[in-house]
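A.B. asks: Got a structure here, written out as structure tokens. Questions coming.
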Amino acid sequence: MDVLFFAEEPDPRPWMAALAQALPEARVHDWAAGGAPACDYAVCWKPPAAFFAGQRRLKAILNIGAGADAVLADTNLPLDVPVVRLDDAGMGAQMEEYVAWCAFHFLRRMDDYARAQRDALWDRLPPRARGAFPIGIMGLGVLGARVAAFMRDLGFPVRGWSASPKAIAGVECFAGPQALAAFLAPVRLLVCLLPLTDATRGILNRETLGMLPRGAALVNIARGGHLVEADLIALLDDAHLAGAVLDVFPVEPLPAASALWRHPRVVVTPHVSAMTLVEESMQQIAAKIRALEQGRPVVGVIDRARGY
Ligand code: NAP
């Protein structure tokens with residue numbers, strides 16, 4: 001079995017070595033080194049335009065990530081080959097930690113205290129109760145459902161929004177565009193964990209973020225394309241929103257000239273809310289390839305029509 005590999009990594013060798021170890025029956029070819037034969041499987045993250053050229057034998061494309069928006073946008077992507085995403089693979093626990101930090105940061109007003117410290121202000125603010133600080137999770141998929149349950153277990157009221165109706169114990173679930181306003185109305189911390197599709201691009205905009213109560217905060221850990229940056233900055237500047245924690249951007253690395261780096265109410269992190277783990281992801285991909293070879297079903301096949 002031949003596997004074609006490309007990952008947008010400074011050094012892809014540890015990834016290829018982990019894949020070769022998890023799938024010893026395969027020959028793993030580094031696309032970047034050139035000269036790879038027609039392969040049975042492609043394992044890739046953000047492959048360059050020429051990656052799929054001449055690959056007419058592919059049985060499946062394994063995406064080294066949960067979000068498949070980048071590979072689906074590739075105009076050379078073969079139409080009839082299934083694309084399979086990573087399911088959690090160690091990302092869920094990282095997302096839980098990231099969102100929990102954001103929730104306590106805003107609940108305990110660490111953003112206000114950081115600004116007060118800059119002015120040497122000893123300014124004690126009234127306490128706030130966790131039970132009166134609803135967290136709203138947009139997207140109740142592999143990662144969103146996990147984060148929702150984690151925040152619920154920490155004692156926050158949690159509500160979630162998805163395309164189709166869901167039932168998660170202790171989480172108030174909303175579905176579809178008609179339920180978006182009701183979902184957003186009481187949310188103090190809005191977390192975006194949606195896939196980037198035609199239906200969700202620009203969904204964090206003046207209108208939707210304006211539906212949040214005054215003083216709410218935003219966490220975007222999905223994709224930069226979900227957020228209309230100018231709308232966020234306007235809502236922060238007129239204090240409708242208290243703050244934002246942004247991990248993802250339309251252009252990454254976030255350009256040094258971006259106003260977001262210096263905005264006093266924005267925390268920027270460099271797309272680290274859930275990093276793809278070498279061993280976990282390559283072992284999962286190896287197991288999926290093996291299942292496909294044996295004609296067994298795999299989870300995480302992307303529905304190309306809906307885009308996730
Ligand atoms: P997933 O399992 O595909 O779940 C997506 C969720 O979004 C589902 O609940 C889906 O609803 C909902 N959804 C999709 N379109 C919608 C729409 N138009 N309106 C309302 N809800 C909609 O995805 P996941 O594994 O949880 O990952 C979510 C995203 O996180 C990825 O796509 C990726 O962009 C991002 N991500 C970021 C990082 C990072 O480091 N920053 C790491 C990993 C992933 P249904 O359940 O009804 O289909």
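Residues are referred to by chain and number: the chain letter is A, B, ... according to the order shown in the structure tokens, the number counts from 1 in that chain, and ligands are numbered separately from 1 in the order shown.
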Go through chain A and flag each residue having an atom no more than 6 Å from ligand 1; for those, report the closest pair of atoms plus their distance in Å to one decimal, using only C-alpha atoms and all ligand atoms, ordered by chain and rising number, as CSV.

C.D. replies:
```
residue,atom,partner,partner_atom_place_in_ligand_line,distance
A:Ala66,CA,ligand 1,44 (C),4.8
A:Gly67,CA,ligand 1,32 (O),3.5
A:Gly139,CA,ligand 1,7 (O),3.5
A:Leu140,CA,ligand 1,9 (O),3.5
A:Gly141,CA,ligand 1,4 (O),3.1
A:Val142,CA,ligand 1,26 (O),4.0
A:Leu143,CA,ligand 1,26 (O),3.6
A:Gly144,CA,ligand 1,26 (O),4.9
A:Trp161,CA,ligand 1,21 (N),5.9
A:Ser162,CA,ligand 1,21 (N),3.3
A:Ala163,CA,ligand 1,47 (O),3.6
A:Ser164,CA,ligand 1,47 (O),3.4
A:Gly176,CA,ligand 1,20 (C),5.6
A:Leu193,CA,ligand 1,28 (C),4.6
A:Leu194,CA,ligand 1,7 (O),4.3
A:Pro195,CA,ligand 1,32 (O),3.3
A:Leu196,CA,ligand 1,34 (O),5.8
A:Ala199,CA,ligand 1,18 (N),4.8
A:Thr200,CA,ligand 1,18 (N),5.2
A:Ile221,CA,ligand 1,41 (N),4.3
A:Ala222,CA,ligand 1,35 (C),3.7
A:Arg223,CA,ligand 1,34 (O),5.1
A:Asp247,CA,ligand 1,41 (N),5.9
A:Val248,CA,ligand 1,41 (N),5.9
A:His271,CA,ligand 1,40 (O),5.2
A:Val272,CA,ligand 1,40 (O),5.1
A:Ser273,CA,ligand 1,40 (O),4.5
A:Ala274,CA,ligand 1,40 (O),3.9
A:Met275,CA,ligand 1,40 (O),5.4
A:Tyr308,CA,ligand 1,3 (O),5.3
```

A.B. asks: Taking the DSSP secondary structure from the backbone, can you list the residues of segment 154-296 of chain A that are helix (DSSP H, G or I), as a PDB file with N, CA and C atoms, in the first residue's frame?

C.D. replies:
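Below is the file part.pdb, written as the result:
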```pdb
ATOM      1  N   PRO A 177     -31.176  28.300  12.182  1.00  0.00           N
ATOM      2  CA  PRO A 177     -31.080  29.761  12.177  1.00  0.00           C
ATOM      3  C   PRO A 177     -32.215  30.443  12.939  1.00  0.00           C
ATOM      4  N   GLN A 178     -33.407  29.830  12.921  1.00  0.00           N
ATOM      5  CA  GLN A 178     -34.558  30.462  13.590  1.00  0.00           C
ATOM      6  C   GLN A 178     -34.393  30.479  15.106  1.00  0.00           C
ATOM      7  N   ALA A 179     -33.510  29.624  15.648  1.00  0.00           N
ATOM      8  CA  ALA A 179     -33.321  29.572  17.108  1.00  0.00           C
ATOM      9  C   ALA A 179     -32.085  30.358  17.557  1.00  0.00           C
ATOM     10  N   LEU A 180     -31.398  30.999  16.623  1.00  0.00           N
ATOM     11  CA  LEU A 180     -30.120  31.639  16.978  1.00  0.00           C
ATOM     12  C   LEU A 180     -30.315  32.790  17.971  1.00  0.00           C
ATOM     13  N   ALA A 181     -31.309  33.632  17.754  1.00  0.00           N
ATOM     14  CA  ALA A 181     -31.508  34.797  18.630  1.00  0.00           C
ATOM     15  C   ALA A 181     -31.831  34.342  20.057  1.00  0.00           C
ATOM     16  N   ALA A 182     -32.699  33.324  20.180  1.00  0.00           N
ATOM     17  CA  ALA A 182     -33.072  32.829  21.516  1.00  0.00           C
ATOM     18  C   ALA A 182     -31.859  32.209  22.207  1.00  0.00           C
ATOM     19  N   PHE A 183     -31.028  31.504  21.415  1.00  0.00           N
ATOM     20  CA  PHE A 183     -29.805  30.895  21.962  1.00  0.00           C
ATOM     21  C   PHE A 183     -28.862  31.977  22.511  1.00  0.00           C
ATOM     22  N   LEU A 184     -28.692  33.052  21.742  1.00  0.00           N
ATOM     23  CA  LEU A 184     -27.694  34.072  22.092  1.00  0.00           C
ATOM     24  C   LEU A 184     -28.139  34.972  23.254  1.00  0.00           C
ATOM     25  N   ARG A 206     -21.895  41.933  13.314  1.00  0.00           N
ATOM     26  CA  ARG A 206     -22.530  42.964  14.138  1.00  0.00           C
ATOM     27  C   ARG A 206     -23.934  42.545  14.585  1.00  0.00           C
ATOM     28  N   GLU A 207     -24.665  41.899  13.661  1.00  0.00           N
ATOM     29  CA  GLU A 207     -26.045  41.544  13.995  1.00  0.00           C
ATOM     30  C   GLU A 207     -26.084  40.440  15.059  1.00  0.00           C
ATOM     31  N   THR A 208     -25.337  39.348  14.814  1.00  0.00           N
ATOM     32  CA  THR A 208     -25.404  38.224  15.764  1.00  0.00           C
ATOM     33  C   THR A 208     -24.729  38.580  17.090  1.00  0.00           C
ATOM     34  N   LEU A 209     -23.540  39.184  17.031  1.00  0.00           N
ATOM     35  CA  LEU A 209     -22.856  39.544  18.288  1.00  0.00           C
ATOM     36  C   LEU A 209     -23.645  40.623  19.022  1.00  0.00           C
ATOM     37  N   GLY A 210     -24.389  41.431  18.261  1.00  0.00           N
ATOM     38  CA  GLY A 210     -25.241  42.460  18.867  1.00  0.00           C
ATOM     39  C   GLY A 210     -26.403  41.865  19.643  1.00  0.00           C
ATOM     40  N   GLY A 224     -10.913  31.704  11.330  1.00  0.00           N
ATOM     41  CA  GLY A 224     -10.941  33.162  11.215  1.00  0.00           C
ATOM     42  C   GLY A 224     -12.092  33.645  10.352  1.00  0.00           C
ATOM     43  N   GLY A 225     -12.467  32.855   9.342  1.00  0.00           N
ATOM     44  CA  GLY A 225     -13.533  33.241   8.424  1.00  0.00           C
ATOM     45  C   GLY A 225     -14.907  33.335   9.062  1.00  0.00           C
ATOM     46  N   HIS A 226     -15.053  32.853  10.274  1.00  0.00           N
ATOM     47  CA  HIS A 226     -16.351  32.992  10.958  1.00  0.00           C
ATOM     48  C   HIS A 226     -16.606  34.426  11.424  1.00  0.00           C
ATOM     49  N   GLU A 229     -14.144  40.934  11.441  1.00  0.00           N
ATOM     50  CA  GLU A 229     -13.266  41.614  12.399  1.00  0.00           C
ATOM     51  C   GLU A 229     -13.685  43.051  12.679  1.00  0.00           C
ATOM     52  N   ALA A 230     -14.071  43.777  11.622  1.00  0.00           N
ATOM     53  CA  ALA A 230     -14.439  45.188  11.809  1.00  0.00           C
ATOM     54  C   ALA A 230     -15.668  45.298  12.703  1.00  0.00           C
ATOM     55  N   ASP A 231     -16.591  44.346  12.594  1.00  0.00           N
ATOM     56  CA  ASP A 231     -17.794  44.368  13.441  1.00  0.00           C
ATOM     57  C   ASP A 231     -17.415  44.107  14.895  1.00  0.00           C
ATOM     58  N   LEU A 232     -16.491  43.170  15.103  1.00  0.00           N
ATOM     59  CA  LEU A 232     -16.051  42.883  16.479  1.00  0.00           C
ATOM     60  C   LEU A 232     -15.420  44.128  17.090  1.00  0.00           C
ATOM     61  N   ILE A 233     -14.526  44.755  16.352  1.00  0.00           N
ATOM     62  CA  ILE A 233     -13.815  45.924  16.901  1.00  0.00           C
ATOM     63  C   ILE A 233     -14.814  47.041  17.233  1.00  0.00           C
ATOM     64  N   ALA A 234     -15.818  47.255  16.364  1.00  0.00           N
ATOM     65  CA  ALA A 234     -16.831  48.290  16.640  1.00  0.00           C
ATOM     66  C   ALA A 234     -17.593  47.953  17.923  1.00  0.00           C
ATOM     67  N   LEU A 235     -17.949  46.679  18.108  1.00  0.00           N
ATOM     68  CA  LEU A 235     -18.721  46.283  19.302  1.00  0.00           C
ATOM     69  C   LEU A 235     -17.870  46.350  20.572  1.00  0.00           C
ATOM     70  N   LEU A 236     -16.554  46.111  20.446  1.00  0.00           N
ATOM     71  CA  LEU A 236     -15.659  46.247  21.610  1.00  0.00           C
ATOM     72  C   LEU A 236     -15.478  47.725  21.950  1.00  0.00           C
ATOM     73  N   ASP A 237     -15.332  48.534  20.904  1.00  0.00           N
ATOM     74  CA  ASP A 237     -15.039  49.955  21.137  1.00  0.00           C
ATOM     75  C   ASP A 237     -16.228  50.700  21.735  1.00  0.00           C
ATOM     76  N   ALA A 259      -4.643  45.329  13.853  1.00  0.00           N
ATOM     77  CA  ALA A 259      -5.039  46.071  15.056  1.00  0.00           C
ATOM     78  C   ALA A 259      -5.370  45.124  16.204  1.00  0.00           C
ATOM     79  N   LEU A 260      -5.677  43.873  15.876  1.00  0.00           N
ATOM     80  CA  LEU A 260      -6.064  42.923  16.925  1.00  0.00           C
ATOM     81  C   LEU A 260      -4.928  42.682  17.922  1.00  0.00           C
ATOM     82  N   TRP A 261      -3.679  42.686  17.420  1.00  0.00           N
ATOM     83  CA  TRP A 261      -2.533  42.444  18.322  1.00  0.00           C
ATOM     84  C   TRP A 261      -2.503  43.443  19.473  1.00  0.00           C
ATOM     85  N   ARG A 262      -2.923  44.664  19.199  1.00  0.00           N
ATOM     86  CA  ARG A 262      -2.757  45.737  20.187  1.00  0.00           C
ATOM     87  C   ARG A 262      -4.056  46.180  20.829  1.00  0.00           C
ATOM     88  N   VAL A 278       0.972  14.481  17.287  1.00  0.00           N
ATOM     89  CA  VAL A 278       1.589  13.587  16.300  1.00  0.00           C
ATOM     90  C   VAL A 278       1.128  12.135  16.481  1.00  0.00           C
ATOM     91  N   GLU A 279       1.374  11.578  17.665  1.00  0.00           N
ATOM     92  CA  GLU A 279       1.109  10.145  17.857  1.00  0.00           C
ATOM     93  C   GLU A 279      -0.388   9.841  17.724  1.00  0.00           C
ATOM     94  N   GLU A 280      -1.208  10.631  18.448  1.00  0.00           N
ATOM     95  CA  GLU A 280      -2.655  10.377  18.458  1.00  0.00           C
ATOM     96  C   GLU A 280      -3.226  10.460  17.041  1.00  0.00           C
ATOM     97  N   SER A 281      -2.825  11.508  16.307  1.00  0.00           N
ATOM     98  CA  SER A 281      -3.444  11.712  14.995  1.00  0.00           C
ATOM     99  C   SER A 281      -2.972  10.651  13.997  1.00  0.00           C
ATOM    100  N   MET A 282      -1.686  10.319  14.020  1.00  0.00           N
ATOM    101  CA  MET A 282      -1.190   9.335  13.049  1.00  0.00           C
ATOM    102  C   MET A 282      -1.726   7.933  13.371  1.00  0.00           C
ATOM    103  N   GLN A 283      -1.883   7.633  14.672  1.00  0.00           N
ATOM    104  CA  GLN A 283      -2.462   6.326  15.033  1.00  0.00           C
ATOM    105  C   GLN A 283      -3.917   6.250  14.580  1.00  0.00           C
ATOM    106  N   GLN A 284      -4.655   7.348  14.759  1.00  0.00           N
ATOM    107  CA  GLN A 284      -6.058   7.334  14.338  1.00  0.00           C
ATOM    108  C   GLN A 284      -6.161   7.188  12.816  1.00  0.00           C
ATOM    109  N   ILE A 285      -5.313   7.913  12.103  1.00  0.00           N
ATOM    110  CA  ILE A 285      -5.346   7.830  10.629  1.00  0.00           C
ATOM    111  C   ILE A 285      -4.960   6.423  10.164  1.00  0.00           C
ATOM    112  N   ALA A 286      -3.958   5.837  10.809  1.00  0.00           N
ATOM    113  CA  ALA A 286      -3.559   4.467  10.446  1.00  0.00           C
ATOM    114  C   ALA A 286      -4.723   3.506  10.658  1.00  0.00           C
ATOM    115  N   ALA A 287      -5.437   3.673  11.779  1.00  0.00           N
ATOM    116  CA  ALA A 287      -6.569   2.771  12.075  1.00  0.00           C
ATOM    117  C   ALA A 287      -7.675   2.962  11.032  1.00  0.00           C
ATOM    118  N   LYS A 288      -7.881   4.191  10.604  1.00  0.00           N
ATOM    119  CA  LYS A 288      -8.926   4.437   9.602  1.00  0.00           C
ATOM    120  C   LYS A 288      -8.527   3.842   8.252  1.00  0.00           C
ATOM    121  N   ILE A 289      -7.277   3.979   7.884  1.00  0.00           N
ATOM    122  CA  ILE A 289      -6.821   3.395   6.613  1.00  0.00           C
ATOM    123  C   ILE A 289      -6.981   1.871   6.646  1.00  0.00           C
ATOM    124  N   ARG A 290      -6.617   1.295   7.779  1.00  0.00           N
ATOM    125  CA  ARG A 290      -6.720  -0.163   7.902  1.00  0.00           C
ATOM    126  C   ARG A 290      -8.184  -0.600   7.788  1.00  0.00           C
ATOM    127  N   ALA A 291      -9.078   0.152   8.427  1.00  0.00           N
ATOM    128  CA  ALA A 291     -10.517  -0.174   8.352  1.00  0.00           C
ATOM    129  C   ALA A 291     -10.997  -0.062   6.900  1.00  0.00           C
ATOM    130  N   LEU A 292     -10.592   0.989   6.217  1.00  0.00           N
ATOM    131  CA  LEU A 292     -11.026   1.173   4.820  1.00  0.00           C
ATOM    132  C   LEU A 292     -10.511   0.028   3.945  1.00  0.00           C
ATOM    133  N   GLU A 293      -9.268  -0.372   4.192  1.00  0.00           N
ATOM    134  CA  GLU A 293      -8.686  -1.484   3.417  1.00  0.00           C
ATOM    135  C   GLU A 293      -9.477  -2.771   3.605  1.00  0.00           C
TER     136      GLU A 293
END
```

A.B. asks: In Å, rounded to a single decimal, give me how far atom CA of Pro47 of chain A is from atom CA of Glu25 of chain A.

C.D. replies: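 Going from atom CA of Glu25 of chain A over to atom CA of Pro47 of chain A covers 23.8 Å.
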
A.B. asks: Closest to Pro134 of chain A among A:Val28, A:Leu254, A:Met95, A:Val158, using only C-alpha atoms?

C.D. replies: A:Val158

A.B. asks: Could you list, as a PyMOL selection string, every residue within 10 Å of segment 1-14 of chain A, counting only C-alpha atoms and ignoring same-chain residues fewer than 6 positions away?

C.D. replies: chain A and resi 20+23-33+36-48+51-52+55+58+61-64+278-279+289+293

A.B. asks: Counting only C-alpha atoms, figure out which residue out of A:Ala148, A:Ala175, A:Cys102, A:Ile137 gets nearest to Leu190 of chain A.

C.D. replies: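 Between A:Ala148, A:Ala175, A:Cys102, A:Ile137, the residue approaching Leu190 of chain A most closely is A:Ile137.
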
A.B. asks: According to DSSP computed on the backbone, where in segment 100-216 of chain A is there strand (DSSP E)? Give the residues as a VMD selection string.

C.D. replies: chain A and resid 135 to 138 158 to 162 171 to 175 189 to 192 216

A.B. asks: Given the choices A:Pro297, A:Gly34, A:Gly202, A:Gly136, which gets closest to Gly160 of chain A if the distance is worked out from only C-alpha atoms?

C.D. replies: A:Gly136

A.B. asks: Mind checking which residues fall within 8 Å of Asp111 of chain A, counting only C-alpha atoms, ignoring those fewer than 4 positions away in the same chain, and posting them as a ChimeraX atom specification?

C.D. replies: /A:105-106,115,243,265

A.B. asks: Just to confirm, what's the straight-line distance from atom CA of Ile302 of chain A to atom CA of Leu72 of chain A in Å (one decimal)?

C.D. replies: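 Separation of atom CA of Ile302 of chain A and atom CA of Leu72 of chain A: 9.3 Å.
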
A.B. asks: Kindly indicate which residue among A:Ala68, A:Val187, A:Val99, A:Met211 lies nearest to Leu86 of chain A, using only C-alpha atoms for the distances.

C.D. replies: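 That would be A:Ala68, the residue with the smallest distance to Leu86 of chain A.
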
A.B. asks: Which value, in Å to one decimal, gives the distance between atom CA of Leu218 of chain A and atom CA of Arg304 of chain A?

C.D. replies: 28.8 Å
